[in-house]
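A.B. asks: Contents of run_16.tsv (TSV, C-alpha atoms):
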```tsv
chain	number	residue	atom	x	y	z
X	1	MET	CA	12.75	-6.19	16.89
X	2	LYS	CA	14.52	-7.88	19.78
X	3	SER	CA	15.78	-11.35	18.94
X	4	GLU	CA	13.96	-12.95	21.87
X	5	THR	CA	10.68	-11.32	20.78
X	6	LEU	CA	11.17	-12.55	17.23
X	7	LEU	CA	11.94	-16.05	18.46
X	8	THR	CA	8.76	-16.09	20.53
X	9	ILE	CA	6.70	-14.96	17.53
X	10	GLN	CA	8.28	-17.57	15.26
X	11	GLU	CA	7.74	-20.36	17.77
X	12	ALA	CA	4.11	-19.39	18.36
X	13	TYR	CA	3.43	-19.27	14.63
X	14	LYS	CA	5.22	-22.56	13.95
X	15	SER	CA	3.25	-24.30	16.69
X	16	ARG	CA	-0.01	-22.66	15.48
X	17	ASP	CA	-0.47	-21.03	18.89
X	18	LEU	CA	-2.84	-18.22	17.96
X	19	GLU	CA	-3.59	-17.39	21.60
X	20	SER	CA	0.09	-16.64	22.32
X	21	LEU	CA	0.36	-14.46	19.20
X	22	ASN	CA	-2.75	-12.56	20.25
X	23	ARG	CA	-1.13	-11.72	23.57
X	24	MET	CA	1.78	-10.14	21.70
X	25	ALA	CA	-0.49	-7.89	19.61
X	26	ILE	CA	-0.74	-4.94	21.98
X	27	PRO	CA	-2.31	-1.75	20.56
X	28	ASP	CA	-0.22	1.39	20.95
X	29	PHE	CA	0.13	4.81	19.38
X	30	ARG	CA	1.26	4.92	15.74
X	31	GLU	CA	2.39	7.96	13.77
X	32	LEU	CA	0.31	7.84	10.60
X	33	ASN	CA	2.07	8.41	7.29
X	34	ARG	CA	-0.17	10.79	5.34
X	35	SER	CA	2.13	11.05	2.33
X	36	ASN	CA	0.53	10.61	-1.08
X	37	ASP	CA	3.66	10.83	-3.26
X	38	TYR	CA	4.56	7.12	-3.29
X	39	SER	CA	5.19	5.32	-6.58
X	40	SER	CA	6.14	1.71	-5.79
X	41	VAL	CA	3.60	-0.33	-3.81
X	42	LEU	CA	5.11	-3.70	-2.87
X	43	MET	CA	2.93	-6.62	-1.78
X	44	LEU	CA	4.07	-8.60	1.29
X	45	SER	CA	2.05	-11.56	2.57
X	46	CYS	CA	1.44	-11.30	6.31
X	47	ASN	CA	1.87	-15.03	6.87
X	48	LYS	CA	5.56	-14.73	5.86
X	49	ILE	CA	7.43	-13.51	8.93
X	50	ASN	CA	10.74	-13.27	7.03
X	51	HIS	CA	9.09	-10.92	4.55
X	52	LEU	CA	7.64	-8.72	7.29
X	53	LEU	CA	11.08	-8.40	8.88
X	54	LYS	CA	12.32	-6.69	5.70
X	55	ILE	CA	9.85	-3.79	5.79
X	56	ASP	CA	12.50	-1.22	6.75
X	57	SER	CA	15.15	-2.41	4.30
X	58	ILE	CA	13.05	-2.79	1.14
X	59	ASP	CA	13.36	-0.01	-1.45
X	60	ALA	CA	9.64	0.53	-1.91
X	61	ASP	CA	7.66	3.67	-1.14
X	62	ALA	CA	4.66	1.78	0.21
X	63	ILE	CA	4.19	-1.70	1.65
X	64	MET	CA	0.96	-3.61	1.02
X	65	LEU	CA	0.49	-5.93	4.01
X	66	ASN	CA	-1.57	-8.63	2.37
X	67	LEU	CA	-4.22	-10.72	4.13
X	68	GLU	CA	-6.08	-11.78	0.99
X	69	ASP	CA	-4.74	-13.60	-2.10
X	70	GLY	CA	-1.82	-15.90	-1.41
X	71	VAL	CA	-2.79	-16.40	2.24
X	72	SER	CA	-4.61	-19.69	2.81
X	73	GLN	CA	-7.90	-19.77	4.70
X	74	GLU	CA	-6.17	-21.63	7.54
X	75	ASP	CA	-3.43	-19.01	7.75
X	76	LYS	CA	-5.65	-15.92	7.63
X	77	PRO	CA	-6.20	-15.61	11.43
X	78	PHE	CA	-2.44	-15.88	12.00
X	79	ALA	CA	-1.67	-13.41	9.21
X	80	LEU	CA	-4.05	-10.88	10.76
X	81	VAL	CA	-2.37	-11.03	14.18
X	82	LEU	CA	1.12	-10.95	12.64
X	83	CYS	CA	0.06	-7.89	10.67
X	84	ALA	CA	-1.00	-6.18	13.91
X	85	ILE	CA	2.27	-7.10	15.65
X	86	PHE	CA	4.40	-5.70	12.84
X	87	LEU	CA	2.33	-2.52	12.65
X	88	MET	CA	3.20	-1.98	16.31
X	89	GLU	CA	6.86	-2.77	15.56
X	90	ASN	CA	6.75	0.04	12.97
X	91	LYS	CA	5.22	2.81	15.07
X	92	SER	CA	6.50	5.37	12.57
X	93	SER	CA	7.72	4.73	9.05
X	94	ASN	CA	8.72	6.71	5.99
X	95	LYS	CA	7.01	3.94	4.02
X	96	LYS	CA	3.24	3.98	3.78
X	97	LEU	CA	1.89	0.83	5.46
X	98	ILE	CA	-1.35	-0.32	3.85
X	99	VAL	CA	-3.28	-3.47	4.82
X	100	ARG	CA	-5.21	-5.33	2.14
X	101	VAL	CA	-8.01	-7.07	4.00
X	102	ASN	CA	-10.19	-9.84	2.65
X	103	ALA	CA	-13.40	-9.21	0.75
X	104	LEU	CA	-16.18	-7.79	2.90
X	105	ASP	CA	-18.21	-11.00	2.63
X	106	ASN	CA	-15.17	-13.08	3.59
X	107	GLY	CA	-14.20	-11.55	6.91
X	108	GLY	CA	-13.26	-8.08	5.72
X	109	TYR	CA	-15.53	-6.20	8.13
X	110	ASP	CA	-14.19	-8.14	11.14
X	111	GLU	CA	-10.59	-7.55	10.05
X	112	ILE	CA	-11.19	-3.81	9.71
X	113	THR	CA	-12.75	-3.70	13.20
X	114	TYR	CA	-9.72	-5.50	14.63
X	115	LEU	CA	-7.14	-3.40	12.74
X	116	ASN	CA	-8.67	-0.08	13.80
X	117	GLN	CA	-6.85	-0.36	17.13
X	118	PHE	CA	-3.46	-0.87	15.41
X	119	MET	CA	-3.80	2.14	13.09
X	120	PRO	CA	-2.39	1.19	9.68
X	121	ASP	CA	-1.86	4.16	7.39
X	122	ALA	CA	-4.56	2.82	5.09
X	123	ILE	CA	-6.92	-0.11	4.57
X	124	ARG	CA	-7.37	-1.51	1.06
X	125	VAL	CA	-10.66	-3.29	0.39
X	126	PRO	CA	-10.80	-5.80	-2.49
X	127	LYS	CA	-13.81	-6.77	-4.58
X	128	ILE	CA	-15.62	-3.52	-3.79
X	129	ARG	CA	-18.81	-3.02	-5.80
X	130	THR	CA	-21.00	-0.10	-4.78
X	131	PRO	CA	-20.91	3.30	-3.06
X	132	LYS	CA	-23.12	1.80	-0.35
X	133	GLU	CA	-20.39	-0.74	0.48
X	134	VAL	CA	-17.78	2.03	0.58
X	135	LYS	CA	-19.92	4.05	2.99
X	136	SER	CA	-20.40	1.00	5.23
X	137	VAL	CA	-16.62	0.54	5.44
X	138	ARG	CA	-15.99	4.23	5.97
X	139	ALA	CA	-18.51	4.25	8.84
X	140	LEU	CA	-16.66	1.37	10.49
X	141	LEU	CA	-13.09	2.52	9.82
X	142	ASN	CA	-11.25	4.92	12.13
X	143	ASP	CA	-11.63	8.44	10.73
X	144	LYS	CA	-7.86	8.94	10.59
X	145	ILE	CA	-7.15	5.83	8.48
X	146	GLU	CA	-7.28	6.24	4.70
X	147	LEU	CA	-9.52	3.96	2.67
X	148	HIS	CA	-8.12	2.46	-0.55
X	149	LEU	CA	-10.21	0.44	-3.00
X	150	SER	CA	-9.44	-2.34	-5.48
X	151	ILE	CA	-11.27	-1.81	-8.75
X	152	GLU	CA	-11.60	-5.40	-9.92
X	153	THR	CA	-15.31	-6.13	-10.34
X	154	ALA	CA	-17.75	-5.24	-13.11
X	155	ASP	CA	-19.88	-3.29	-10.61
X	156	ALA	CA	-16.89	-1.29	-9.37
X	157	TRP	CA	-15.95	-0.37	-12.94
X	158	HIS	CA	-19.53	0.64	-13.69
X	159	ASN	CA	-19.70	2.72	-10.49
X	160	LEU	CA	-16.14	4.03	-10.67
X	161	SER	CA	-16.93	7.74	-10.67
X	162	SER	CA	-19.18	7.45	-7.59
X	163	LEU	CA	-16.95	5.38	-5.28
X	164	LYS	CA	-15.16	8.32	-3.66
X	165	THR	CA	-17.75	8.84	-0.96
X	166	ASP	CA	-15.64	11.15	1.24
X	167	LYS	CA	-12.19	12.78	1.39
X	168	GLU	CA	-10.54	9.83	3.16
X	169	VAL	CA	-11.21	7.57	0.16
X	170	THR	CA	-7.88	8.44	-1.41
X	171	THR	CA	-6.56	5.69	-3.69
X	172	PHE	CA	-7.82	3.18	-6.27
X	173	TYR	CA	-5.91	0.13	-7.55
X	174	LEU	CA	-6.62	-1.36	-10.97
X	175	GLY	CA	-7.04	-5.12	-10.48
X	176	VAL	CA	-6.97	-5.98	-14.14
X	177	LEU	CA	-6.92	-9.81	-13.93
X	178	ASP	CA	-10.01	-10.08	-11.73
X	179	LEU	CA	-11.74	-7.29	-13.64
X	180	LEU	CA	-11.27	-8.98	-17.01
X	181	ALA	CA	-12.54	-12.27	-15.56
X	182	ASP	CA	-15.60	-10.57	-14.09
X	183	ILE	CA	-16.54	-8.90	-17.38
X	184	LYS	CA	-15.89	-12.13	-19.32
X	185	LEU	CA	-12.84	-10.95	-21.28
X	186	PRO	CA	-9.66	-13.02	-21.76
X	187	GLN	CA	-6.38	-12.19	-20.05
X	188	SER	CA	-4.71	-12.32	-23.46
X	189	LEU	CA	-5.88	-8.70	-23.87
X	190	ILE	CA	-3.14	-7.60	-21.48
X	191	THR	CA	-0.67	-6.35	-24.07
X	192	ARG	CA	0.72	-2.87	-24.60
X	193	GLU	CA	-0.83	-2.65	-28.07
X	194	ASN	CA	-4.33	-3.86	-27.29
X	195	PRO	CA	-6.89	-1.04	-27.66
X	196	THR	CA	-9.16	-2.42	-24.92
X	197	MET	CA	-6.27	-2.46	-22.46
X	198	LEU	CA	-5.24	1.07	-23.45
X	199	TYR	CA	-8.82	2.23	-22.99
X	200	MET	CA	-9.03	0.64	-19.55
X	201	LEU	CA	-5.79	2.29	-18.43
X	202	SER	CA	-6.86	5.66	-19.82
X	203	HIS	CA	-10.39	5.58	-18.43
X	204	PHE	CA	-9.20	4.47	-15.00
X	205	LEU	CA	-6.53	7.17	-14.88
X	206	VAL	CA	-8.70	10.07	-16.04
X	207	THR	CA	-11.69	9.11	-13.88
X	208	CYS	CA	-9.49	8.87	-10.79
X	209	LYS	CA	-7.75	12.16	-11.53
X	210	THR	CA	-11.02	14.03	-12.01
X	211	MET	CA	-12.16	12.85	-8.56
X	212	GLY	CA	-8.90	13.65	-6.80
X	213	VAL	CA	-8.12	9.95	-6.26
X	214	LYS	CA	-4.62	8.49	-6.67
X	215	PRO	CA	-4.64	5.81	-9.42
X	216	VAL	CA	-2.26	2.86	-8.96
X	217	SER	CA	-1.70	0.79	-12.09
X	218	PHE	CA	-2.07	-2.98	-12.20
X	219	VAL	CA	0.40	-5.59	-10.95
X	220	TYR	CA	2.44	-7.19	-13.73
X	221	GLN	CA	2.55	-10.87	-12.79
X	222	GLU	CA	5.62	-11.92	-14.84
X	223	PHE	CA	7.97	-10.52	-12.22
X	224	LYS	CA	11.12	-11.99	-13.83
X	225	LYS	CA	10.47	-10.28	-17.18
X	226	LEU	CA	11.88	-6.91	-16.15
X	227	ASP	CA	12.53	-5.74	-19.74
X	228	GLU	CA	8.84	-6.09	-20.55
X	229	PHE	CA	7.97	-4.56	-17.17
X	230	ASP	CA	10.05	-1.51	-18.11
X	231	LYS	CA	8.09	-1.12	-21.36
X	232	TRP	CA	4.84	-1.10	-19.37
X	233	LEU	CA	6.35	1.55	-17.08
X	234	GLU	CA	7.33	3.70	-20.08
X	235	LEU	CA	3.80	3.45	-21.44
X	236	GLU	CA	2.12	4.18	-18.11
X	237	LYS	CA	4.39	7.12	-17.36
X	238	SER	CA	3.65	8.58	-20.80
X	239	MET	CA	-0.08	8.28	-20.00
X	240	GLY	CA	0.28	10.14	-16.69
X	241	TYR	CA	0.60	7.36	-14.10
X	242	ASP	CA	3.00	7.82	-11.20
X	243	ALA	CA	2.35	4.63	-9.17
X	244	LYS	CA	2.25	0.88	-9.81
X	245	GLY	CA	1.69	-2.24	-7.74
X	246	CYS	CA	4.68	-4.60	-7.40
X	247	ILE	CA	5.19	-8.22	-6.36
X	248	SER	CA	9.00	-8.22	-6.11
X	249	PRO	CA	11.67	-5.85	-4.75
X	250	ASP	CA	13.22	-5.67	-8.24
X	251	GLN	CA	9.93	-4.42	-9.66
X	252	ALA	CA	9.80	-1.76	-6.94
X	253	LEU	CA	13.30	-0.57	-7.86
X	254	HIS	CA	12.29	-0.24	-11.51
X	255	VAL	CA	9.11	1.67	-10.63
X	256	ASN	CA	11.12	4.10	-8.51
X	257	LYS	CA	13.56	4.66	-11.37
X	258	TYR	CA	10.91	5.31	-14.01
X	259	PHE	CA	8.46	7.37	-11.99
X	260	ILE	CA	10.94	9.63	-10.22
X	261	ASP	CA	10.35	13.35	-10.79
X	262	GLU	CA	13.75	14.97	-10.26
X	263	SER	CA	12.44	18.47	-9.64
X	264	LYS	CA	9.89	17.09	-7.18
X	265	GLU	CA	12.58	15.03	-5.42
X	266	ILE	CA	14.84	18.06	-5.08
X	267	LEU	CA	12.02	20.13	-3.62
X	268	ARG	CA	11.18	17.28	-1.26
X	269	ALA	CA	14.80	17.01	-0.11
X	270	GLN	CA	15.05	20.76	0.44
X	271	THR	CA	11.86	20.77	2.50
X	272	ILE	CA	12.94	17.78	4.60
X	273	ILE	CA	16.27	19.45	5.37
X	274	LYS	CA	14.55	22.66	6.39
X	275	LEU	CA	11.99	20.85	8.57
X	276	PHE	CA	14.58	18.61	10.24
X	277	GLU	CA	16.95	21.47	11.07
X	278	MET	CA	14.07	23.52	12.44
X	279	HIS	CA	12.96	20.66	14.72
X	280	GLN	CA	16.55	19.81	15.62
X	281	LYS	CA	16.99	23.25	17.18
X	282	GLU	CA	14.19	22.28	19.56
X	283	GLY	CA	15.87	18.96	20.41
X	284	ILE	CA	13.52	16.90	18.21
X	285	THR	CA	15.15	14.47	15.76
X	286	GLY	CA	12.17	12.32	14.85
X	287	PHE	CA	8.74	13.63	13.87
X	288	VAL	CA	5.89	13.21	11.39
X	289	ASP	CA	5.14	15.75	8.71
X	290	GLU	CA	1.64	15.75	7.23
X	291	GLU	CA	2.94	15.80	3.64
X	292	TYR	CA	6.26	13.91	3.82
X	293	GLY	CA	5.55	11.39	6.56
X	294	PHE	CA	8.08	10.32	9.20
X	295	ILE	CA	11.37	12.26	9.18
X	296	ASP	CA	14.40	11.35	11.28
X	297	GLU	CA	18.18	11.73	11.00
X	298	PRO	CA	18.69	8.98	8.35
X	299	ILE	CA	15.98	10.58	6.20
X	300	TYR	CA	17.64	13.98	6.70
X	301	LYS	CA	21.04	12.60	5.71
X	302	GLY	CA	19.50	10.98	2.64
X	303	ALA	CA	18.07	14.35	1.60
X	304	LEU	CA	21.49	15.99	2.05
X	305	ALA	CA	23.11	13.27	-0.07
X	306	LEU	CA	20.54	13.75	-2.83
X	307	LEU	CA	21.24	17.47	-3.10
X	308	LYS	CA	24.99	16.81	-3.24
```
Do you think you could lay out the structure here as structure tokens?
C.D. replies:
Amino acid sequence: MKSETLLTIQEAYKSRDLESLNRMAIPDFRELNRSNDYSSVLMLSCNKINHLLKIDSIDADAIMLNLEDGVSQEDKPFALVLCAIFLMENKSSNKKLIVRVNALDNGGYDEITYLNQFMPDAIRVPKIRTPKEVKSVRALLNDKIELHLSIETADAWHNLSSLKTDKEVTTFYLGVLDLLADIKLPQSLITRENPTMLYMLSHFLVTCKTMGVKPVSFVYQEFKKLDEFDKWLELEKSMGYDAKGCISPDQALHVNKYFIDESKEILRAQTIIKLFEMHQKEGITGFVDEEYGFIDEPIYKGALALLK
């Protein structure tokens, strides 16, 4: 991003000039990242410009552009426009860019309508409850944008196996804190030995897998306790998980380390090299692959380094 553009954005946000920010949110073409092999999903609040500036440099497979929790009601309109601006600043990305909107009864439908024109790779809807709600979102959402769902209500858990209403409903996130609160169970159950917690993880995983949905395990809130975080990762990997939500870059690094599949990474690198060299012969050094997302020369060089 040009320094003068960034300065204008920062000044408009600081002065609470929503009209000026809106003028900077200009819809344009985006290359969608259709990859489904991400493991680390890092949450970034869209009202934190300094966080959004780090999208390219963060070692996370997917970025969750957050408009919901952690964004005050007063900041939500600004966060939405900043989200749109930074989507346009990242017209193609090897990271999957997902926007977590607010609950449907708290502005979610309006946010989805607005974001359609800026083409995030996916929209994540919190507090989902029924297949009817999913269908209403899917009818509103651009056909090319994936729909992701947060499973964090008693109704969503009860209806889990029927929430994949079409092929573009691709990913579910286990929101364990809200789910436990909604079914009147204490958060003290969140231990690696608790049978209820193990059941929830198992049921969520198997139900998702049988539907062809990607299951993303819950966010571990104690982000400084990386030793305990690693033990959760060991457990979840042994169960069959390959993705987890993160709230810090360090957590994302640990997820990448634990969930890496070396044979899969080698095959990925070999394919990227082959695709890049094939396109390079035609004078193309930046393109989007349906399976591996955006590929350019730095991605190609990274694949070469991996094989060495």
A.B. asks: Produce a table with one row for each residue of region 36-64 of chain X that has an atom at most 8 Å from any atom of region 80-103 of chain X, each row naming the nearest atom pair and its distance in Å at one decimal; use all atoms listed in the file; arrange rows by chain and rising residue number; format as a Markdown table.
C.D. replies:
```
| residue | atom | partner | partner_atom | distance |
| --- | --- | --- | --- | --- |
| X:Tyr38 | CA | X:Lys96 | CA | 7.8 |
| X:Cys46 | CA | X:Cys83 | CA | 5.7 |
| X:Asn47 | CA | X:Leu82 | CA | 7.1 |
| X:Ile49 | CA | X:Leu82 | CA | 7.8 |
| X:Leu52 | CA | X:Phe86 | CA | 7.1 |
| X:Asp56 | CA | X:Ser93 | CA | 8.0 |
| X:Ala60 | CA | X:Lys95 | CA | 7.3 |
| X:Asp61 | CA | X:Lys95 | CA | 5.2 |
| X:Ala62 | CA | X:Lys96 | CA | 4.4 |
| X:Ile63 | CA | X:Leu97 | CA | 5.1 |
| X:Met64 | CA | X:Ile98 | CA | 4.9 |
```
A.B. asks: Just the residues within 12 Å of Ala305 (chain X), please, counting all atoms listed in the file, with nothing from its chain fewer than 3 positions along; format it as a short mmCIF file (atom, residue, chain, number, x, y, z; two decimals) with C-alpha atoms, in the coordinates of the input.
C.D. replies:
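Resulting contents of around-v4.cif:
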```cif
data_model
loop_
_atom_site.label_atom_id
_atom_site.label_comp_id
_atom_site.auth_asym_id
_atom_site.auth_seq_id
_atom_site.Cartn_x
_atom_site.Cartn_y
_atom_site.Cartn_z
CA GLU X 265 12.58 15.03 -5.42
CA ILE X 266 14.84 18.06 -5.08
CA ALA X 269 14.80 17.01 -0.11
CA GLN X 270 15.05 20.76 0.44
CA ILE X 273 16.27 19.45 5.37
CA PRO X 298 18.69 8.98 8.35
CA ILE X 299 15.98 10.58 6.20
CA TYR X 300 17.64 13.98 6.70
CA LYS X 301 21.04 12.60 5.71
CA GLY X 302 19.50 10.98 2.64
CA LYS X 308 24.99 16.81 -3.24
#
```
A.B. asks: I'd like to know which of X:Ser20, X:Asn36, X:Ser136, X:Asn142 is closest to Gln117 (chain X), using only C-alpha atoms.
C.D. replies: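 Using only C-alpha atoms, Gln117 (chain X) sits closest to X:Asn142.
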A.B. asks: Please tabulate, as JSON lines, the residues of region 203-263 of chain X that come within 9 Å of region 163-174 of chain X, each with its closest pair of atoms and the distance in Å to one decimal, counting only C-alpha atoms and ordering rows by chain, then residue number upward.
C.D. replies:
```
{"residue": "X:Phe204", "atom": "CA", "partner": "X:Leu174", "partner_atom": "CA", "distance": 7.5}
{"residue": "X:Cys208", "atom": "CA", "partner": "X:Phe172", "partner_atom": "CA", "distance": 7.5}
{"residue": "X:Met211", "atom": "CA", "partner": "X:Lys164", "partner_atom": "CA", "distance": 7.3}
{"residue": "X:Gly212", "atom": "CA", "partner": "X:Thr170", "partner_atom": "CA", "distance": 7.6}
{"residue": "X:Val213", "atom": "CA", "partner": "X:Thr170", "partner_atom": "CA", "distance": 5.1}
{"residue": "X:Lys214", "atom": "CA", "partner": "X:Thr171", "partner_atom": "CA", "distance": 4.5}
{"residue": "X:Pro215", "atom": "CA", "partner": "X:Phe172", "partner_atom": "CA", "distance": 5.2}
{"residue": "X:Val216", "atom": "CA", "partner": "X:Tyr173", "partner_atom": "CA", "distance": 4.8}
{"residue": "X:Ser217", "atom": "CA", "partner": "X:Leu174", "partner_atom": "CA", "distance": 5.5}
{"residue": "X:Phe218", "atom": "CA", "partner": "X:Leu174", "partner_atom": "CA", "distance": 5.0}
{"residue": "X:Val219", "atom": "CA", "partner": "X:Leu174", "partner_atom": "CA", "distance": 8.2}
{"residue": "X:Lys244", "atom": "CA", "partner": "X:Tyr173", "partner_atom": "CA", "distance": 8.5}
{"residue": "X:Gly245", "atom": "CA", "partner": "X:Tyr173", "partner_atom": "CA", "distance": 8.0}
```
A.B. asks: How many Å separate CA of Ala181 (chain X) from CA of Met200 (chain X)?
C.D. replies: 14.0 Å
A.B. asks: Can you find the residues with an atom no farther than 8 Å from (-8.6, -6.1, -12.2), counting all atoms listed in the file, and report them as a ChimeraX atom specification?
C.D. replies: /X:150-153,174-180,218
A.B. asks: Closest to Val206 (chain X) among X:Tyr241, X:Phe294, X:Tyr13, X:Phe259, using all atoms listed in the file?
C.D. replies: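 Closest candidate: X:Tyr241.
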A.B. asks: Please, can region 58-83 of chain X be completed to N, CA and C atoms and returned as a CSV table (one decimal), in the coordinates of the input?
C.D. replies:
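selection06.csv was written with the following content:
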```
chain,number,residue,atom,x,y,z
X,58,ILE,N,13.5,-2.7,2.5
X,58,ILE,CA,13.0,-2.8,1.1
X,58,ILE,C,12.9,-1.4,0.5
X,59,ASP,N,13.4,-1.3,-0.7
X,59,ASP,CA,13.4,0.0,-1.4
X,59,ASP,C,12.0,0.1,-2.2
X,60,ALA,N,11.0,0.3,-1.4
X,60,ALA,CA,9.6,0.5,-1.9
X,60,ALA,C,9.1,1.7,-1.1
X,61,ASP,N,8.2,2.5,-1.8
X,61,ASP,CA,7.7,3.7,-1.1
X,61,ASP,C,6.5,3.3,-0.2
X,62,ALA,N,5.8,2.2,-0.6
X,62,ALA,CA,4.7,1.8,0.2
X,62,ALA,C,4.7,0.3,0.3
X,63,ILE,N,4.2,-0.3,1.4
X,63,ILE,CA,4.2,-1.7,1.6
X,63,ILE,C,2.7,-2.1,1.8
X,64,MET,N,2.3,-3.1,1.0
X,64,MET,CA,1.0,-3.6,1.0
X,64,MET,C,1.0,-4.9,1.9
X,65,LEU,N,0.5,-4.8,3.1
X,65,LEU,CA,0.5,-5.9,4.0
X,65,LEU,C,-0.7,-6.8,3.6
X,66,ASN,N,-0.5,-7.9,3.0
X,66,ASN,CA,-1.6,-8.6,2.4
X,66,ASN,C,-2.2,-9.7,3.2
X,67,LEU,N,-3.5,-9.7,3.4
X,67,LEU,CA,-4.2,-10.7,4.1
X,67,LEU,C,-5.1,-11.5,3.2
X,68,GLU,N,-5.1,-11.2,1.9
X,68,GLU,CA,-6.1,-11.8,1.0
X,68,GLU,C,-5.4,-12.9,0.1
X,69,ASP,N,-5.3,-12.6,-1.2
X,69,ASP,CA,-4.7,-13.6,-2.1
X,69,ASP,C,-3.4,-14.1,-1.7
X,70,GLY,N,-3.1,-15.4,-1.8
X,70,GLY,CA,-1.8,-15.9,-1.4
X,70,GLY,C,-1.7,-16.3,0.0
X,71,VAL,N,-2.7,-16.0,0.8
X,71,VAL,CA,-2.8,-16.4,2.2
X,71,VAL,C,-3.9,-17.4,2.4
X,72,SER,N,-3.6,-18.6,2.7
X,72,SER,CA,-4.6,-19.7,2.8
X,72,SER,C,-5.7,-19.4,3.9
X,73,GLN,N,-6.8,-20.0,3.7
X,73,GLN,CA,-7.9,-19.8,4.7
X,73,GLN,C,-7.5,-20.1,6.1
X,74,GLU,N,-6.7,-21.2,6.2
X,74,GLU,CA,-6.2,-21.6,7.5
X,74,GLU,C,-5.2,-20.6,8.1
X,75,ASP,N,-4.5,-19.9,7.3
X,75,ASP,CA,-3.4,-19.0,7.8
X,75,ASP,C,-4.0,-17.6,8.0
X,76,LYS,N,-5.2,-17.3,7.5
X,76,LYS,CA,-5.6,-15.9,7.6
X,76,LYS,C,-5.7,-15.4,9.1
X,77,PRO,N,-6.2,-16.1,10.1
X,77,PRO,CA,-6.2,-15.6,11.4
X,77,PRO,C,-4.8,-15.3,11.9
X,78,PHE,N,-3.8,-16.1,11.6
X,78,PHE,CA,-2.4,-15.9,12.0
X,78,PHE,C,-1.9,-14.7,11.3
X,79,ALA,N,-2.2,-14.6,10.0
X,79,ALA,CA,-1.7,-13.4,9.2
X,79,ALA,C,-2.2,-12.1,9.8
X,80,LEU,N,-3.4,-12.1,10.2
X,80,LEU,CA,-4.0,-10.9,10.8
X,80,LEU,C,-3.3,-10.4,12.0
X,81,VAL,N,-3.0,-11.4,12.9
X,81,VAL,CA,-2.4,-11.0,14.2
X,81,VAL,C,-0.9,-10.6,13.9
X,82,LEU,N,-0.3,-11.3,13.0
X,82,LEU,CA,1.1,-11.0,12.6
X,82,LEU,C,1.2,-9.6,12.0
X,83,CYS,N,0.2,-9.2,11.2
X,83,CYS,CA,0.1,-7.9,10.7
X,83,CYS,C,0.0,-6.9,11.8
```
